[in-house]
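Step one of this worksheet: look at the structure below.
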Amino acid sequence: MNGPRPRDLKPEPQIPNFPMPAPAQTRVIFKHIDEPGYTNDIECYLRHGGYETLKKAVQRPPAELIDEVKKSGLRGRGGAGFPCGVKWGLVDRKSGKPIYLIVNADESEPGTFKDRYIIHQDPHQLIEGTMIACFANNVKQAYIYIRGEMPEGARILERAIAEAKAKGFVGQNILGTGYSCEIYVHRGAGAYICGEETGLIESLEGKRANPRIKPPYFPAVLGLYQCPTIVNNVETLCHVRHIADIGGEAYSKTGTPNNTGTRIFCVSGHVQRPGYYEFEAGKITMGQLLYDVCGGPLPGRTFKAVIPGGSSAKVLRFGERYKGKRKVGSEMVDYDWGVEDVPMDFDSLAMIGSMGGSGGVIVMDDTVNMVEALANINAFYSHESCGQCTPCREGSLWMKKISSRMVHGAARKEDAALLKGVADQIPGRTICAFGEACSWPTQSFLIKFKDEFEAYAEAKKTLPADRRQLV
Amino acid sequence: MNLKPETFQRIDEVITHYPVKRSATLPLLHLVQEDAGYISEEAILWIAQKLEIQPINVLEVVTFYPMFRRAPIGRRHIKVCRTLSCALLGGYKTCETFQQEFNTTLGAVSPDGEVTVDFVECLASCGTAPVVLIDEVLHEKVDVAKAKELSAQIRAEAAARK
């Protein structure tokens with residue numbers, strides 16, 4: 001805090017609010033997605049300047065590349081938003097053990113579907129980014145851990161790796177530099193928890209994907225086969241390629257400070273034009289995204305709620321105001337936002353009590369029964385809990401049972417409070433962040449839509465026959 | 001273990017991808033399941049021996065991951081996404097339609113042996129909800145009408161085969 005200062009000396013920088021028209025998309029990572037005539041083979045990629053960045057990168061000292069990524073301010077795109085350069089900086093390089101890199105392509109956070117398109121339509125962008133990251137970190141073996149439910153994606157990646165290998169971009173003696181690195185594709189088998197990095201590592205070791213406790217099992221020190229390991233999201237590695245191309249300094253000037261580069265938003269649910277959209281981070285508000293870019297609500301409907309960063313992010317309610325103070329430059333300024341006014345970046349969404357997460361925006365309109373929606377989400381998390389920590393295993397199951405019985409006409413008066421009570425006892429008491437992920441929906445639904453939950457229990461109502469089925 | 005020669009070949013190849021054999025557990029299970037249709041007791045014992053681990057190490061993996069199954073399923077596998085974005089746009093109706101079309105229930109083999117309909121969690125294609133994965137092909141925006149179309153197509157293919 002800077003002490004009292006007349007705030008009006010420095011006016012709040014203009015943040016474009018709905019209903020001004022949305023800025024144009026800045027397609028960097030999705031530059032070629034859906035481009036007519038663009039194919040996923042290496043010849044097409046090379047025609048579009050592919051692997052030129054890798055050629056330049058392998059001529060530079062690896063430490064310089066790590067520095068570029070640090071300078072860029074790139075934050076991981078998997079959900080947590082952890083700075084990528086810091087992650088790389090934590091890698092234990094003195095142990096003498098090999099360093100592994102794992103591409104986290106286990107895209108499974110409900111509402112998120114960006115990596116699918118990169119893998120299917122532009123796999124070489126990912127492979128080039130992966131090889132740059134491997135070279136920068138002296139990695140000799142990389143694995144792409146892809147969801148089991150994407151068999152076609154796995155085949156495309158395998159073919160792309162073989163093509164890149166034939167051209168000398170992957171494998172032995174890359175581009176004649178003497179540096180060698182292999183990439184293999186490893187398929188998961190339908191478990192959401194494999195997206196958690198230590199669970200993913202266990203899975204890659206051929207075991208149940210039970211996440212490991214930190215400390216001591218920080219992947220940067222004790223990861224795959226107890227060796228230092230980097231786990232990066234697909235989109236993150238595509239950004240690495242872009243950073244190596246234009247430089248960390250130039251990259252850091254895009255987006256907003258602390259939320260650099262572009263962000264891909266995956267919009268699904270009740271909007272006119274669901275889909276994927278790429279914008280400079282922090283330059284677009286929720287209102288612009290949903291009304292202008294996605295065409296607003298379906299005919300005759302109004303927006304009711306939105307989950308801004310994958311289904312575990314806390315729900316936001318339309319019509320509610322979010323007030324507080326935030327830092328702009330070195331100043332603290334007041335903000336008073338409706339959901340529509342919130343800039344779609346990690347920090348702003350965290351400020352209003354939710355998160356940017358993986359960029360999966362799920363929209364619900366006024367036809368949605370929030371108890372049903374929560375029961376749907378709870379069914380997901382109880383199915384996906386790995387089961388090793390009691391609060392999560394039992395808690396997620398009971399949240400599902402309670403919300404489900406409410407929907408099916410057996411709601412009890414105490415259910416709303418009971419649900420919240422169960423949810424409140426999970427976070428912070430589990431090995432991995434799944435504990436938070438599974439309790440946040442229940443906690444936030446119960447706070448934001450308390451009226452609906454309490455009325456539901458009192459009326460013990462069963463749903464009409466033509467109900468929108470979510471459970 | 002009775003598998004196609006190319007499956008054995010791919011198994012030997014995939015083991016070389018890892019410095020520790022046990023890592024090949026999931027790939028081997030996928031390869032065996034694709035070839036044999038499901039993971040039998042014999043397959044568990046065989047994989048354990050192949051990777052020099054205990055049978056329980058394989059079994060615990062089979063029971064943990066939803067994609068591995070211990071019993072045969074219908075000729076075609078219809079996986080309907082159950083999760084929120086698909087449900088918001090009618091995923092439950094889509095799933096019901098497939099069950100009605102093949103006169104079957106969730107997880108069971110249909111009476112004609114043609115399909116098994118399953119409800120699965122998020123298939124990561126929420127922008128084109130509701131989505132359905134039939135064997136290895138993703139179908140998008142599968143409303144009731146499209147589910148009926150796809151069912152007719154499956155039946156036609158079955159008839160042509162006979």
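Identifiers for the structure tokens are assigned positionally: chains receive A, B, ... in sequence, residues are indexed from 1 per chain, and ligands are indexed from 1 in the order shown.
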May I have the residues within 9 Å of Leu84 (chain B) as a PDB file with C-alpha atoms, in the first residue's frame, using only C-alpha atoms and disregarding those fewer than 5 positions away in the same chain?
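What landed in part-v6.pdb:
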ATOM      1  CA  PRO A 110     -14.932 -29.981 -18.216  1.00  0.00           C
ATOM      2  CA  GLY A 111     -15.448 -26.943 -20.433  1.00  0.00           C
ATOM      3  CA  GLY A 269     -23.222 -24.057 -22.949  1.00  0.00           C
ATOM      4  CA  SER A 311     -15.954 -26.730 -14.066  1.00  0.00           C
ATOM      5  CA  ILE A 362     -19.416 -22.672 -19.272  1.00  0.00           C
ATOM      6  CA  ALA A 373     -26.323 -28.288 -12.558  1.00  0.00           C
ATOM      7  CA  LEU A 374     -24.457 -28.829  -9.305  1.00  0.00           C
ATOM      8  CA  ASN A 376     -24.150 -32.933 -12.621  1.00  0.00           C
ATOM      9  CA  ILE A 377     -20.810 -31.432 -11.609  1.00  0.00           C
ATOM     10  CA  PHE A 380     -18.237 -35.837 -12.332  1.00  0.00           C
ATOM     11  CA  LEU A 470     -28.681 -32.769 -16.158  1.00  0.00           C
TER      12      LEU A 470
ATOM     13  CA  LEU B  89     -27.548 -29.080 -24.539  1.00  0.00           C
ATOM     14  CA  GLY B  91     -26.700 -35.068 -23.656  1.00  0.00           C
ATOM     15  CA  CYS B 122     -16.091 -34.990 -20.439  1.00  0.00           C
ATOM     16  CA  CYS B 126     -17.687 -28.930 -25.161  1.00  0.00           C
TER      17      CYS B 126
END
Subject >> Interface, chain A side, toward chain B (6 Å; only C-alpha atoms) as a count of residues only >> reply: 17
**OP:** Might you pull out every residue within 6 Å of Tyr143 (chain A), with only C-alpha atoms counted and same-chain residues fewer than 3 positions away left off, and present them as an MDAnalysis selection string?
**Re:** chainID A and resid 102 183:185
Pull C-alpha atoms from the residues just selected and write them as a PDB file, in the first residue's frame.
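Everything below was put into part05.pdb:
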ATOM      1  CA  ILE A 102       6.164 -34.326 -20.169  1.00  0.00           C
ATOM      2  CA  ILE A 183       9.498 -37.854 -28.065  1.00  0.00           C
ATOM      3  CA  TYR A 184       7.029 -40.648 -27.426  1.00  0.00           C
ATOM      4  CA  VAL A 185       3.259 -40.494 -27.208  1.00  0.00           C
TER       5      VAL A 185
END
Subject >> Those in region 91-140 of chain B with alpha helix (DSSP H) from DSSP, as a PyMOL selection string >> reply: chain B and resi 91-101
Subject >> Non-local contacts of Thr430 (chain A) (10 Å; only C-alpha atoms; under 2 positions in same chain excluded) as a list in words >> reply: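 The residues satisfying every condition are Pro211, Ile213, Gln388, Cys389, Thr390, Pro391, Cys392, Arg393, Ile426, Pro427, Gly428, Cys432, Ala433, Phe434, Gly435 and Glu436 of chain A.
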Original post:
Residues of chain B in strand (DSSP E) according to DSSP, as a PyMOL selection string?
Top reply: chain B and resi 76-81+115-120+132-134+137-139
**OP:** Using CA of His383 (chain A) and CA of Gly199 (chain A) as the two end points, give the distance in Å to one decimal.
**Re:**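 Value for the CA of His383 (chain A)-CA of Gly199 (chain A) distance: 15.8 Å.
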Subject >> Non-local contacts of Asn103 (chain B) (12 Å; only C-alpha atoms; under 6 positions in same chain excluded) as a ChimeraX atom specification >> reply: /B:96-97,109-117,151
Original post:
Any idea what the distance is between CA of Gln288 (chain A) and CA of Asp341 (chain A)?
Top reply: 8.3 Å
